[in-house]
Structures are given as C-alpha cells and as structure tokens.
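Trainee: First the structure, which I've put down as structure tokens, then a few questions once you've had a look.
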Amino acid sequence: MTRRQKGTWRVTLGAPGGGTQPRTPVCTHGDPRTTREKEDPTVGLSQKWRFPHISCSMSFVASFLDSAMDALVVPGFSRVGYAIRSRSFESLDRMSLVGKTVVVTGHTSGLGYAAACQLRSMGADLVVVGRHRARSEEAAERIKKTNGVGTLEVSVADMGELGEVRELATWLGATHPRIDVVVHNAGALLKERTRTSAGHDTTLAVHVYGPFLLTHSLLASLAAANGRVITVSSGGMYATGLPDFDRGHGLELPDATYDGTRQYAVAKRAQVTLNEMWASNAAARGVAFHAMHPGWADTPGVATSIPVFRAVTRPILRNAAQGADTISWLAGTEPSAIGSGGFWCDRAQRPIHRLGSTRRRDTPEARHRLWELVNEAALGSFS
C-alpha cells in the first residue's frame with residue numbers, strides 16, 4: 001500500500017514467503033565476500049598484494065599489522081585491508097536480527113543499499129528511507145528479493161528537509177514504539193553549495209541536522225528497545241578538525257571559499273564528535289551510539305562526486321558490501337562487546353584523531369558550542 005501525507009510517501013512490503021524459501025541471488029550485496037573470497041579473501045588482488053595467512057586469534061602480529069595498515073591509510077582503507085582483516089570475521093549470516101526493527105536512511109544505492117540487503121538477510125524488520133519515491137520503491141523491491149524473514153517498509157523523506165524529517169519521526173514513533181537500530185547513512189557530497197528550504201547548507205542539513213533531529217525525536221522508541229544508533233561517517237574527516245569557534249568560524253564554510261569536499265569533511269567531523277556526545281548524554285536511557293567509516297568503497301556517490309579520486313584508486317577500492325560490513329556487524333553484535341561512543345572501521349575501534357591540529361581543536365568548549373549550534377539548527381524551529 002502506498003500513501004502520501006504532507007510530502008511523504010510510504011509503502012509497506014511483506015516478507016516474500018518467510019525464511020524457508022531458497023536464497024534468491026538477486027541482491028549481490030548481502031555477504032561482502034564472494035564464494036571464493038570466503039575461502040581466500042585475497043582473490044582478485046594482484047599477486048604483489050597477497051599476504052600470508054593471519055591467525056583468527058587476536059595475536060600481537062595481527063594486531064600490529066592491523067594498526068600499521070590503518071596508520072598508513074592506503075592499505076587500511078583499501079580492499080587490501082579488508083581482505084586481510086576479514087579472514088577473522090564471523091559471517092554476518094550467523095548473526096540474527098529476527099524480530100528487530102531497523103531503520104536505514106539512504107537505501108537506494110551504495111553503502112545504504114548494501115547494508116539494507118545484509119540486514120534483511122540477518123532477519124531484520126526493515127524501514128528504509130529514501131528521498132525519491134520511484135527510486136526508493138525500486139530499490140526496496142530489489143532488497144525484498146534477498147532471503148529474509150522480516151517485513152520491509154518504505155518511507156520517503158529528504159533528510160535535509162527538517163519538516164519532512166519531523167513527519168518521518170512522528171510516523172515512526174507512532175507506528176514503531178520499539179526501534180532497535182537506526183542507521184544514519186543518507187549523504188551528499190556537492191560540488192557547489194545549495195541550500196534547503198530553511199536556508200541551511202544542504203551538506204550540513206543532510207549529514208548533521210536531519211540525523212540529529214531524527215535521533216532526538218526517536219529516543220523514546222530507541223530507549224524502549226535498548227536500541228542503538230549507527231552513523232556512517234568517512235575517513236575524510238581525519239583531515240579536518242572542529243571549526244575554530246573562538247575566531248568566529250562556524251560549521252558552514254564561507255561562500256567565497258566554499259569547497260564541497262571540505263564542507264563534507266566538516267560535516268563528517270561533526271558526526272563523529274556528536275556520536276561521542278550522544279553516547280554520554282543518552283547513556284542513562286540505555287541507548288548506544290556508534291560511528292563508523294567504510295574505508296574507500298566504490299559507490300555511485302564516489303563516482304559522481306569525486307571521479308578523479310575514483311579513477312586513480314579504482315583498482316584498490318572496496319565494493320559496497322565490504323564497506324557496509326561494519327554497519328551490519330554493529331547492528332547485530334551483542335551490546336556488551338562494543339560499548340557505546342566508538343568510531344569503527346572493519347569491526348575494530350579506531351581513533352578519531354590522527355593529526356595534532358585536529359586534536360587541539362577538540363576542546364570541551366568547542367564541543368559545547370558544536371552541540372549548541374546543531375541543537376539550534378535542528379530543533380530550534382520545532383521547540
């Protein structure tokens with residue numbers, strides 16, 4: 001059934017025959033590894049990138065190699081890093097989300113689509129949120145064909161338009177009093193600045209203000225399920241610190257010096273910082289918060305927004321399912337094993353700073369100002 005309310009479309013799709021039907025190989029993004037890669041994750045890599053077997057135990061050598069790859073960036077962010085690290089990964093198929101309600105924004109392609117397929121394969125009852133009705137429904141039909149026992153609902157809302165986010169949150173809160181997982185994946189990397197109907201920078205609205213509003217509005221439903229919030233950030237935020245608020249800088253770059261990639265990095269830095277703050281502020285309510293970055297993944301967004309980067313790095317880019325693996329793992333892992341407030345990549349917690357310059361800007365005062373600005377932008381008009 002499809003219905004439209006104040007600019008928001010919703011479609012409800014039932015589970016196709018329950019969990020006894022054969023797996024339908026329509027969605028290729030469920031398991032991040034092919035059959036051969038499950039046996040040898042280095043399949044497809046050139047001979048010079050092959051590495052000896054790493055024990056599944058967290059040995060000193062494996063831990064050192066993991067840290068070294070992460071520090072060197074290219075090995076850790078590429079498919080090489082995933083191939084080596086994934087040797088010790090438990091299959092997502094062994095994790096169950098049956099009976100769990102999972103909300104995923106930005107499901108129509110790339111990481112969001114891959115994560116939705118994986119989460120459905122894990123048995124979740126999915127609510128996917130996209131910006132365009134036709135694309136959202138078409139992607140949902142493809143996701144529906146993955147082997148899964150849960151329901152699938154589609155809601156259409158632009159995460160940058162706060163009025164639509166508010167309507168989405170109201171509907172979700174009314175129809176889903178218990179929400180186990182919210183995945184903030186919707187994103188945009190724009191070459192030129194655009195603004196939302198409220199006048200906000202679109203990149204900040206989609207990545208920061210919309211997710212903040214949705215999280216705030218769904219805290220009761222999340223608390224009822226001891227749920228968790230997963231924010232898909234980017235390793236690109238490592239080069240950017242919090243704005244120098246003391247000098248009058250804000251989250252928005254000046255129009256005269258606007259650069260889409262830099263604005264994207266500012267938004268991603270804000271996401272990771274807010275993730276830690278949410279973890280502290282909502283701890284008493286039993287809601288956990290996690291941020292992650294997918295490494296370098298070959299997605300439609302990368303191809304469109306940073307084509308030169310893709311052209312240079314394409315031989316070592318991960319596929320979308322490999323990039324999304326940590327999202328689904330965070331959704332399905334026991335809470336006691338992962339805590340709250342962490343920043344993750346390839347199922348391991350990573351530092352949020354690599355540069356002294358970004359670390360020095362991360363002060364209590366800067367965090368307080370960040371929360372104030374985002375709270376005002378996201379909630380001010382609805383207070």
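Lettering and numbering for the structure tokens are positional, with chains as A, B, ... in the shown order, residues counted from 1 in each chain, and ligands counted from 1 in the shown order.
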Can you check which parts of segment 194-288 of chain A lie within 7 Å of segment 156-164 of chain A? Per residue, the shortest pair of atoms and distance in Å to one decimal, counting only C-alpha atoms, sorted by chain and number, as JSON lines.

Mentor:
{"residue": "A:Thr196", "atom": "CA", "partner": "A:Glu161", "partner_atom": "CA", "distance": 6.3}
{"residue": "A:Ser197", "atom": "CA", "partner": "A:Glu161", "partner_atom": "CA", "distance": 6.9}
{"residue": "A:Thr202", "atom": "CA", "partner": "A:Gly160", "partner_atom": "CA", "distance": 6.2}
{"residue": "A:Ala205", "atom": "CA", "partner": "A:Gly160", "partner_atom": "CA", "distance": 4.6}
{"residue": "A:Val206", "atom": "CA", "partner": "A:Gly160", "partner_atom": "CA", "distance": 4.1}
{"residue": "A:Gly210", "atom": "CA", "partner": "A:Met159", "partner_atom": "CA", "distance": 5.1}

Trainee: Quick one: write out the picked residues with N, CA and C atoms as a compact mmCIF listing (two decimals), in the first residue's frame?

Mentor:
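Result written to selection_10.txt:
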# COMPACT_ATOMS: atom_id res chain seq x y z
N THR A 196 18.77 24.27 1.71
CA THR A 196 17.46 23.67 1.91
C THR A 196 16.41 24.77 1.97
N SER A 197 15.15 24.37 2.07
CA SER A 197 14.08 25.37 2.14
C SER A 197 14.18 26.23 3.39
N THR A 202 23.06 22.44 2.45
CA THR A 202 22.49 21.11 2.23
C THR A 202 23.35 20.00 2.81
N ALA A 205 22.82 19.93 6.49
CA ALA A 205 21.46 19.52 6.82
C ALA A 205 21.28 18.01 6.69
N VAL A 206 21.79 17.44 5.60
CA VAL A 206 21.61 16.01 5.35
C VAL A 206 22.43 15.17 6.32
N GLY A 210 19.54 16.88 10.05
CA GLY A 210 18.47 15.90 9.90
C GLY A 210 18.64 14.70 10.80

Trainee: List as a PDB file with N, CA and C atoms, in the first residue's frame the protein and nucleic acid residues near Ser78 of chain A, meaning an atom at most 10 Å away when only C-alpha atoms are counted, but skip any in the same chain fewer than 2 places from it.

Mentor:
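The resulting file, around.pdb, is shown below:
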ATOM      1  N   MET A  69      48.427  -0.921   9.045  1.00  0.00           N
ATOM      2  CA  MET A  69      47.652  -0.638   7.837  1.00  0.00           C
ATOM      3  C   MET A  69      46.774   0.582   8.037  1.00  0.00           C
ATOM      4  N   ASP A  70      46.186   0.691   9.224  1.00  0.00           N
ATOM      5  CA  ASP A  70      45.308   1.825   9.499  1.00  0.00           C
ATOM      6  C   ASP A  70      46.099   3.132   9.497  1.00  0.00           C
ATOM      7  N   VAL A  73      47.015   4.408   6.062  1.00  0.00           N
ATOM      8  CA  VAL A  73      45.814   4.841   5.349  1.00  0.00           C
ATOM      9  C   VAL A  73      45.522   3.977   4.128  1.00  0.00           C
ATOM     10  N   VAL A  74      46.363   4.030   3.099  1.00  0.00           N
ATOM     11  CA  VAL A  74      46.039   3.343   1.843  1.00  0.00           C
ATOM     12  C   VAL A  74      45.791   1.854   2.053  1.00  0.00           C
ATOM     13  N   PRO A  75      46.696   1.115   2.701  1.00  0.00           N
ATOM     14  CA  PRO A  75      46.399  -0.313   2.903  1.00  0.00           C
ATOM     15  C   PRO A  75      45.147  -0.542   3.743  1.00  0.00           C
ATOM     16  N   GLY A  76      44.989   0.254   4.802  1.00  0.00           N
ATOM     17  CA  GLY A  76      43.866   0.039   5.706  1.00  0.00           C
ATOM     18  C   GLY A  76      42.527   0.409   5.126  1.00  0.00           C
ATOM     19  N   VAL A  80      42.567  -4.123   0.131  1.00  0.00           N
ATOM     20  CA  VAL A  80      43.653  -4.919   0.695  1.00  0.00           C
ATOM     21  C   VAL A  80      43.442  -5.083   2.199  1.00  0.00           C
ATOM     22  N   GLY A  81      43.179  -3.960   2.872  1.00  0.00           N
ATOM     23  CA  GLY A  81      42.949  -4.021   4.308  1.00  0.00           C
ATOM     24  C   GLY A  81      41.760  -4.890   4.664  1.00  0.00           C
ATOM     25  N   TYR A  82      40.680  -4.752   3.901  1.00  0.00           N
ATOM     26  CA  TYR A  82      39.508  -5.574   4.177  1.00  0.00           C
ATOM     27  C   TYR A  82      39.821  -7.052   3.952  1.00  0.00           C
ATOM     28  N   ALA A  83      40.552  -7.360   2.882  1.00  0.00           N
ATOM     29  CA  ALA A  83      40.860  -8.756   2.575  1.00  0.00           C
ATOM     30  C   ALA A  83      41.636  -9.417   3.699  1.00  0.00           C
ATOM     31  N   PRO A 294      33.639   3.488   6.200  1.00  0.00           N
ATOM     32  CA  PRO A 294      33.656   2.267   5.396  1.00  0.00           C
ATOM     33  C   PRO A 294      34.956   1.989   4.678  1.00  0.00           C
ATOM     34  N   GLY A 295      35.996   2.807   4.910  1.00  0.00           N
ATOM     35  CA  GLY A 295      37.173   2.717   4.061  1.00  0.00           C
ATOM     36  C   GLY A 295      36.867   3.363   2.718  1.00  0.00           C
ATOM     37  N   TRP A 296      37.620   3.007   1.714  1.00  0.00           N
ATOM     38  CA  TRP A 296      37.393   3.534   0.369  1.00  0.00           C
ATOM     39  C   TRP A 296      36.548   2.534  -0.410  1.00  0.00           C
ATOM     40  N   ALA A 297      35.295   2.867  -0.619  1.00  0.00           N
ATOM     41  CA  ALA A 297      34.371   1.960  -1.302  1.00  0.00           C
ATOM     42  C   ALA A 297      33.931   2.552  -2.631  1.00  0.00           C
ATOM     43  N   THR A 313      42.115   5.437  -7.799  1.00  0.00           N
ATOM     44  CA  THR A 313      42.119   4.385  -6.773  1.00  0.00           C
ATOM     45  C   THR A 313      41.243   3.181  -7.108  1.00  0.00           C
ATOM     46  N   ARG A 314      40.594   3.197  -8.240  1.00  0.00           N
ATOM     47  CA  ARG A 314      39.607   2.152  -8.541  1.00  0.00           C
ATOM     48  C   ARG A 314      40.142   0.730  -8.374  1.00  0.00           C
ATOM     49  N   PRO A 315      41.387   0.424  -8.764  1.00  0.00           N
ATOM     50  CA  PRO A 315      41.860  -0.957  -8.602  1.00  0.00           C
ATOM     51  C   PRO A 315      41.877  -1.448  -7.160  1.00  0.00           C
ATOM     52  N   ILE A 316      41.933  -0.528  -6.199  1.00  0.00           N
ATOM     53  CA  ILE A 316      42.013  -0.965  -4.800  1.00  0.00           C
ATOM     54  C   ILE A 316      40.777  -0.582  -3.987  1.00  0.00           C
ATOM     55  N   LEU A 317      39.744  -0.045  -4.640  1.00  0.00           N
ATOM     56  CA  LEU A 317      38.529   0.304  -3.908  1.00  0.00           C
ATOM     57  C   LEU A 317      37.782  -0.949  -3.460  1.00  0.00           C
ATOM     58  N   ARG A 318      37.161  -0.870  -2.320  1.00  0.00           N
ATOM     59  CA  ARG A 318      36.294  -1.947  -1.855  1.00  0.00           C
ATOM     60  C   ARG A 318      34.979  -1.916  -2.622  1.00  0.00           C
ATOM     61  N   ASN A 319      34.264  -3.032  -2.608  1.00  0.00           N
ATOM     62  CA  ASN A 319      32.900  -2.963  -3.116  1.00  0.00           C
ATOM     63  C   ASN A 319      31.989  -2.467  -1.994  1.00  0.00           C
ATOM     64  N   GLY A 323      32.340  -2.282   2.284  1.00  0.00           N
ATOM     65  CA  GLY A 323      32.256  -1.030   3.026  1.00  0.00           C
ATOM     66  C   GLY A 323      31.150  -1.036   4.061  1.00  0.00           C
TER      67      GLY A 323
END

Trainee: Suppose you want the space between atom CA of Leu168 of chain A and atom CA of Ser155 of chain A; what is it in Å?

Mentor: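 Atom CA of Ser155 of chain A lies 7.5 Å from atom CA of Leu168 of chain A.
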
Trainee: From the set A:Asp259, A:Glu372, A:Ser63, A:Ser217, which residue has the shortest atom-to-atom contact distance to Ser88 of chain A, counting only C-alpha atoms?

Mentor: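 Checking each candidate against Ser88 of chain A, we get A:Ser63 as the closest.
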
Trainee: Considering only C-alpha atoms, return as number ranges by chain whatever protein or nucleic-acid residues lie within 8 Å of Ala225 of chain A, sequence-local ones (same chain, fewer than 5 positions apart) excluded.

Mentor: A: 178-180

Trainee: Among segment 185-371 of chain A, which ones does DSSP assign to strand (DSSP E or B) (computed from the backbone)? Answer as a ChimeraX atom specification.

Mentor: /A:195,201,228-232,288-292,297,318,342-345,348-349

Trainee: Just want the 7 Å neighbourhood of segment 169-176 of chain A, counted on only C-alpha atoms, with same-chain residues fewer than 5 positions away dropped. Output as an MDAnalysis selection string.

Mentor: chainID A and resid 214 217:218 221

Trainee: I need the residue nearest Leu72 of chain A from this list: A:Arg354, A:Gln271, A:Phe289, A:Asn281. Use only C-alpha atoms for the distance.

Mentor: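 Closest to Leu72 of chain A, using only C-alpha atoms: A:Arg354.
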
Trainee: Which residue gives the smallest distance to Tyr264 of chain A among A:Arg193, A:Ile327, A:Arg310, A:Ala303, with only C-alpha atoms counted?

Mentor: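 Going through A:Arg193, A:Ile327, A:Arg310, A:Ala303 one by one, the smallest distance to Tyr264 of chain A is for A:Arg193.
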
Trainee: List the neighbours of segment 91-95 of chain A out to 9 Å using only C-alpha atoms; skip same-chain residues closer than 3 positions along the sequence, and give me the result as a PyMOL selection string.

Mentor: chain A and resi 30-31+118-119+121-123+325+328-329+332-333

Trainee: Quick one: residues within 8 Å of Thr240 of chain A, only C-alpha atoms counted, chain neighbours fewer than 4 positions away excluded, as a PyMOL selection string?

Mentor: chain A and resi 236+262+265-266+269+358

Trainee: With only C-alpha atoms as the atoms that count, which of A:Arg135, A:Lys191, A:Arg85, A:Arg369 lies nearest to His249 of chain A?

Mentor: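 Closest to His249 of chain A of all the choices is A:Arg369.
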
Trainee: Please report, as a count of residues only, each residue of segment 82-200 of chain A to which DSSP assigns helix (DSSP H, G or I) when run on this structure's backbone.

Mentor: 48

Trainee: Here is a test: counting only C-alpha atoms, which residue of A:Gly248, A:Gly339, A:Gly241, A:Gly380 is nearest to Val287 of chain A?

Mentor: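 Result for the nearest residue to Val287 of chain A: A:Gly339.
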
Trainee: Might you pull out every residue within 9 Å of Gly342 of chain A, with only C-alpha atoms counted and same-chain residues fewer than 4 positions away left off, and present them as number ranges by chain?

Mentor: A: 272, 275-276, 279, 289-292, 338, 349-352

Trainee: Using Å and a single decimal, report how far atom CA of Ala188 of chain A sits from atom CA of Arg133 of chain A.

Mentor: 17.6 Å

Trainee: Please measure the separation of atom CA of Met237 of chain A and atom CA of Val308 of chain A, giving the value in Å to one decimal.

Mentor: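 Separation between atom CA of Met237 of chain A and atom CA of Val308 of chain A: 18.9 Å.
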